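Take a look at the structure set out below.
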There are 2 protein chains.
Amino acid sequence: MQNQEQDKALGEIVRSLGNANFPETLGNFVKKIIDFDNLIIIAYHKDINPEELYREYNSPIVYEKMQSHYLKAAYLLDPFYHAINNGIQRGIHCIFDLAPDQFKQTSYFYEYYQETTLIDEFCLFSHINHNTTLTACFGRDKKSGIRFGKTELKKIKSYENVLSTLCEQHWRSYQPKEGKNIVLPPVKHRLRTIMKDQHSISLSPRQTEVALYILQGHSSISIALNLNISKETVKVFRKQLYSKCSISSQAELFALLMPILSML
Amino acid sequence: MQNQEQDKALGEIVRSLGNANFPETLGNFVKKIIDFDNLIIIAYHKDINPEELYREYNSPIVYEKMQSHYLKAAYLLDPFYHAINNGIQRGIHCIFDLAPDQFKQTSYFYEYYQETTLIDEFCLFSHINHNTTLTACFGRDKKSGIRFGKTELKKIKSYENVLSTLCEQHWRSYQPKEGKNIVLPPVKHRLRTIMKDQHSISLSPRQTEVALYILQGHSSISIALNLNISKETVKVFRKQLYSKCSISSQAELFALLMPILSML
DNA sequence: TCAAGTATACCACACTGGGGTTATATACCC
DNA sequence: GGGTATATAACCCCAGTGTGGTATACTTGA
């Protein structure tokens, strides 16, 4: 994209600030630098469900799951969501940079990416206010076949600041819809309760915590780093967890817990 | 079960030979020895789709997938199906004895067992004729919570001969419904064609074969034993396969190939 | 005919997961 | 007070994956 064209496209976004077509012009600008198949803008909040603000698909793919499943519970396993909780910098980040080391072994990866046929994603983060972060996820699906190129990513990254600022400006007075979203207790508490109530399995806090990290795709070492304990200890919790659940592999843990997580 | 009662129950099966209630009486007999939650009887043939002959559920579980998916393509990954192709002995066998070593890591295990909530299965095999084998699969689902006991299995196994014989007798003139089932070229050919046509990935015969073994849950060593080649060679095929598919893990192979297999 | 691709085999290494053992300190409940 | 559960940590061993490299033989197409 030449400077003139770039200038014009940026101007278009600025003109659309506060208008309904803002997401569209944002998409148009990005598309001039790096081709994507779909765009979905989600607002994440503290303690309540995320909310979808915009979506655009160029391929006829079923995104019902997004609506019915992802926004209710599946987002709890999403690398982007956890990046926010861990205080991610505003700007552009790629999913595979943020994802835990064993993310691809994950049931979430398998189900979500198979459902959506996505193969790559990068995301523009904007901090709207102290408890709302906005993510604009640009995705490639398997029809395109290839992941985002490094040079293109570098190019779009050079605009990350202005793009984040524009989003923050456009959605500066955004508030989550009242009543529609429910205030939730921390995930680990909910998981523990459900395991107790529905499966008569009483997990210790640590065991529950480790379970959630495993679901997200963290290796034992990665969990150890997150919890500031030794990897041997993590393996102990893992073993206790498997033993209490009468299972003997990670795959079985996924099979056991994923339906529970969907139930929320 | 006492001898008298056993005698009576067996007599009941014999009396139902040739009648519609044969599967029911068979189930009743088995249930007196070993409690199960559901029973499904399937006829497997050479080169054409399997056919469901009977099913009985004690729990309100969705078995649509069985009808829509399993009988069309998913059975290709089923340990029972492969046991038949490898010339399994008639009689009773447990799923986890027949399953490949890495079966539980498998996407098939994950999807199928999560869908059906099954946790254990044993199966009565009967050889109807040279190209039809009948399987009566008795399953436990997660509502029961525990797998079949060893002593109970031993007990039911002592009846395996007579039960197989009774099935063979009852279905001795069974023929697959004409037209309803389609003659199919070997799976590896179909997979290869689809990969070429839809993904522009041309796999060598060996690479395709290895892919299918991986999908079934075989480790590299297990594949090597099956193909009569060294495990190192299997690993090479694996590498080539991953490289051609632009992936870097088994999990991604599942995500890539399972939808294709469903398409058939 | 020659280069490229395919099939075959072997070696070595790092990392993960799963299983087992042992040990100490704390906390909570009866 | 004593037993039980929990959290923590350090070892061991092994099987399996994934990645890198080397080498030979056969086939096939340009």
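Ligands are numbered from 1 in the order shown, residues from 1 within each chain, and chains are lettered A, B, ... in the order they appear in the structure tokens.
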
* Who sits within 12 Å of region 4-21 of chain B, only C-alpha atoms (C1' of nucleotides), same chain under 3 positions skipped, as JSON, numbers by chain -> {"B": [1, 24, 25, 26, 27, 28, 29, 30, 31, 32, 33, 53, 54, 55, 56, 155, 156, 159, 162, 163, 164, 165, 166, 167, 168, 169, 170, 171, 172, 173, 174]}

Limited to C-alpha atoms, could you put the picked residues into a file as a PDB file, in the first residue's frame?
```
ATOM      1  CA  MET B   1     -27.207 -66.829  38.461  1.00  0.00           C
ATOM      2  CA  GLU B  24     -34.118 -58.842  23.488  1.00  0.00           C
ATOM      3  CA  THR B  25     -33.846 -62.316  24.973  1.00  0.00           C
ATOM      4  CA  LEU B  26     -30.136 -62.301  24.235  1.00  0.00           C
ATOM      5  CA  GLY B  27     -29.865 -59.049  26.134  1.00  0.00           C
ATOM      6  CA  ASN B  28     -31.902 -60.427  28.993  1.00  0.00           C
ATOM      7  CA  PHE B  29     -29.609 -63.401  29.339  1.00  0.00           C
ATOM      8  CA  VAL B  30     -26.486 -61.269  29.348  1.00  0.00           C
ATOM      9  CA  LYS B  31     -27.984 -58.816  31.791  1.00  0.00           C
ATOM     10  CA  LYS B  32     -28.449 -61.579  34.332  1.00  0.00           C
ATOM     11  CA  ILE B  33     -24.692 -62.074  34.416  1.00  0.00           C
ATOM     12  CA  LEU B  53     -29.677 -54.440  13.272  1.00  0.00           C
ATOM     13  CA  TYR B  54     -30.800 -53.642  16.771  1.00  0.00           C
ATOM     14  CA  ARG B  55     -30.340 -51.192  19.560  1.00  0.00           C
ATOM     15  CA  GLU B  56     -31.467 -50.824  23.096  1.00  0.00           C
ATOM     16  CA  LYS B 155     -18.383 -65.381  33.673  1.00  0.00           C
ATOM     17  CA  ILE B 156     -20.014 -64.096  30.496  1.00  0.00           C
ATOM     18  CA  TYR B 159     -20.901 -68.529  27.442  1.00  0.00           C
ATOM     19  CA  VAL B 162     -23.025 -70.803  22.733  1.00  0.00           C
ATOM     20  CA  LEU B 163     -23.978 -67.132  22.355  1.00  0.00           C
ATOM     21  CA  SER B 164     -22.024 -66.732  19.124  1.00  0.00           C
ATOM     22  CA  THR B 165     -23.561 -69.911  17.801  1.00  0.00           C
ATOM     23  CA  LEU B 166     -27.054 -68.705  18.668  1.00  0.00           C
ATOM     24  CA  CYS B 167     -26.453 -65.426  16.819  1.00  0.00           C
ATOM     25  CA  GLU B 168     -25.074 -67.240  13.817  1.00  0.00           C
ATOM     26  CA  GLN B 169     -28.101 -69.473  13.837  1.00  0.00           C
ATOM     27  CA  HIS B 170     -30.577 -66.619  14.166  1.00  0.00           C
ATOM     28  CA  TRP B 171     -29.024 -64.501  11.438  1.00  0.00           C
ATOM     29  CA  ARG B 172     -27.860 -67.397   9.244  1.00  0.00           C
ATOM     30  CA  SER B 173     -29.807 -66.147   6.233  1.00  0.00           C
ATOM     31  CA  TYR B 174     -29.086 -62.475   6.794  1.00  0.00           C
TER      32      TYR B 174
END
```

* Please provide the set of residues having any atom within 9 Å of DG16 (chain D), restricted to only C-alpha atoms (C1' of nucleotides), with same-chain residues fewer than 5 positions apart removed, written as an NGL selection string. => (:B and (219-220)) or (:C and (16-17))

Contact set, chain D to chain A: 10 Å, only C-alpha atoms (C1' of nucleotides), as a JSON list (two decimals) with N, CA and C atoms (P, O5', C5', C4', C3', O3' and C1' of nucleotides), in the first residue's frame:
```json
[["chain", "number", "residue", "atom", "x", "y", "z"],
["D", 5, "DA", "P", -8.31, -38.95, 54.29],
["D", 5, "DA", "O5'", -8.06, -37.46, 53.78],
["D", 5, "DA", "C5'", -8.94, -36.43, 54.19],
["D", 5, "DA", "C4'", -8.35, -35.08, 53.82],
["D", 5, "DA", "C3'", -7.80, -35.03, 52.39],
["D", 5, "DA", "O3'", -8.32, -33.86, 51.75],
["D", 5, "DA", "C1'", -6.15, -34.31, 53.94],
["D", 6, "DT", "P", -8.03, -33.62, 50.22],
["D", 6, "DT", "O5'", -6.87, -32.54, 50.25],
["D", 6, "DT", "C5'", -6.98, -31.43, 51.15],
["D", 6, "DT", "C4'", -5.68, -30.68, 51.20],
["D", 6, "DT", "C3'", -4.98, -30.53, 49.84],
["D", 6, "DT", "O3'", -5.00, -29.16, 49.50],
["D", 6, "DT", "C1'", -3.44, -31.09, 51.59],
["D", 7, "DA", "P", -4.44, -28.67, 48.12],
["D", 7, "DA", "O5'", -2.94, -28.30, 48.48],
["D", 7, "DA", "C5'", -2.68, -27.29, 49.45],
["D", 7, "DA", "C4'", -1.18, -27.11, 49.60],
["D", 7, "DA", "C3'", -0.43, -27.02, 48.26],
["D", 7, "DA", "O3'", 0.42, -25.88, 48.29],
["D", 7, "DA", "C1'", 0.55, -28.68, 49.67],
["D", 8, "DT", "P", 1.15, -25.43, 46.98],
["D", 8, "DT", "O5'", 2.61, -26.05, 47.15],
["D", 8, "DT", "C5'", 3.38, -25.71, 48.29],
["D", 8, "DT", "C4'", 4.50, -26.69, 48.49],
["D", 8, "DT", "C3'", 5.36, -26.98, 47.27],
["D", 8, "DT", "O3'", 6.42, -26.04, 47.19],
["D", 8, "DT", "C1'", 5.06, -28.89, 48.71],
["D", 9, "DA", "P", 7.33, -25.93, 45.94],
["D", 9, "DA", "O5'", 8.26, -27.21, 46.00],
["D", 9, "DA", "C5'", 9.05, -27.44, 47.16],
["D", 9, "DA", "C4'", 9.72, -28.79, 47.06],
["D", 9, "DA", "C3'", 10.33, -29.10, 45.70],
["D", 9, "DA", "O3'", 11.73, -28.81, 45.74],
["D", 9, "DA", "C1'", 9.34, -31.01, 46.77],
["D", 10, "DA", "P", 12.60, -28.90, 44.46],
["D", 10, "DA", "O5'", 13.22, -30.37, 44.53],
["D", 10, "DA", "C5'", 13.80, -30.82, 45.75],
["D", 10, "DA", "C4'", 14.01, -32.32, 45.66],
["D", 10, "DA", "C3'", 14.59, -32.78, 44.31],
["D", 10, "DA", "O3'", 16.00, -32.98, 44.44],
["D", 10, "DA", "C1'", 12.83, -34.22, 45.13],
["D", 11, "DC", "P", 16.89, -33.41, 43.24],
["D", 11, "DC", "O5'", 16.91, -35.00, 43.28],
["D", 11, "DC", "C5'", 16.27, -35.72, 42.23],
["D", 11, "DC", "C4'", 16.01, -37.12, 42.73],
["D", 11, "DC", "C3'", 15.94, -38.14, 41.60],
["D", 11, "DC", "O3'", 17.22, -38.71, 41.40],
["D", 11, "DC", "C1'", 14.04, -38.34, 43.00]]
```

Kindly provide the residues of chain B that approach chain A to within 10 Å, each paired with its closest atom pair and their distance in Å to one decimal, based on only C-alpha atoms, listed by chain and increasing number, as CSV.
```
residue,atom,partner,partner_atom,distance
B:Phe103,CA,A:Ala251,CA,10.0
B:Lys104,CA,A:Ala251,CA,6.5
B:Gln105,CA,A:Ala251,CA,5.6
B:Thr106,CA,A:Ala251,CA,7.9
B:Ser107,CA,A:Tyr110,CA,8.8
B:Phe109,CA,A:Ala251,CA,8.9
B:Tyr110,CA,A:Ala255,CA,6.0
B:Glu111,CA,A:Ala255,CA,8.1
B:Tyr112,CA,A:Ala255,CA,10.0
B:Tyr113,CA,A:Ala255,CA,7.9
B:Gln114,CA,A:Ala255,CA,5.9
B:Glu115,CA,A:Ala255,CA,9.5
B:Thr117,CA,A:Ala255,CA,9.2
B:Lys142,CA,A:Leu256,CA,9.8
B:Lys143,CA,A:His199,CA,9.6
B:Gly145,CA,A:His199,CA,9.2
B:Ile146,CA,A:Ser246,CA,9.2
B:Gln198,CA,A:Lys143,CA,9.6
B:His199,CA,A:Gly145,CA,8.3
B:Ser246,CA,A:Ile146,CA,8.9
B:Ser248,CA,A:Lys104,CA,9.2
B:Ser249,CA,A:Lys104,CA,7.6
B:Gln250,CA,A:Gln105,CA,8.0
B:Ala251,CA,A:Gln105,CA,5.4
B:Glu252,CA,A:Lys104,CA,6.9
B:Leu253,CA,A:Tyr110,CA,9.9
B:Phe254,CA,A:Tyr110,CA,8.0
B:Ala255,CA,A:Tyr110,CA,5.8
B:Leu256,CA,A:Gln114,CA,7.7
B:Met258,CA,A:Gln114,CA,9.1
B:Pro259,CA,A:Gln114,CA,8.0
```

* Run DSSP on the backbone of this structure and report the residues of region 52-210 of chain A it assigns to strand (DSSP E), as a PyMOL selection string. => chain A and resi 52-57+91-94+118-129+132-141

Mind running chain C against chain B at 9 Å and telling me each contacting residue's nearest atom pair with the distance in Å (one decimal), counting only C-alpha atoms (C1' of nucleotides), chain and number ascending, as a Markdown table?
```
| residue | atom | partner | partner_atom | distance |
| --- | --- | --- | --- | --- |
| C:DT6 | C1' | B:Ser204 | CA | 7.6 |
| C:DA7 | C1' | B:Arg206 | CA | 8.2 |
| C:DT8 | C1' | B:Thr233 | CA | 6.7 |
| C:DA9 | C1' | B:Thr233 | CA | 6.3 |
| C:DC10 | C1' | B:Glu232 | CA | 7.1 |
```

* DSSP alpha helix (DSSP H) selection over region 49-133 of chain B, as a list in words ->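 Going through region 49-133 of chain B, the alpha helix (DSSP H) residues come out as Glu64, Lys65, Pro79, Phe80, Tyr81, His82, Ala83, Ile84, Asn85, Ile95, Phe96, Asp97, Leu98, Ser107, Tyr108, Phe109, Tyr110, Glu111, Tyr112, Tyr113, Gln114, Glu115 and Thr116 of chain B.
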
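Going from CA of Phe148 (chain A) over to CA of Thr208 (chain B), you cover 27.6 Å.
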
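The coordinates place CA of Lys157 (chain A) at 26.3 Å from CA of Leu76 (chain A).
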
* **Contacts of Leu77 (chain A) at 8 Å (only C-alpha atoms (C1' of nucleotides); same-chain gap of 4+ positions) as an MDAnalysis selection string** => chainID A and resid 81:82 108 215:216

Residues as selected, C-alpha atoms, written as a compact mmCIF listing (two decimals), in the first residue's frame, can you do that?
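selection.txt, written as the output of this step:
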```txt
# COMPACT_ATOMS: atom_id res chain seq x y z
CA TYR A 81 -8.95 -14.10 27.00
CA HIS A 82 -6.12 -15.19 29.25
CA TYR A 108 -10.25 -26.48 22.85
CA LEU A 215 -7.38 -27.57 29.77
CA GLN A 216 -5.85 -24.36 28.49
```
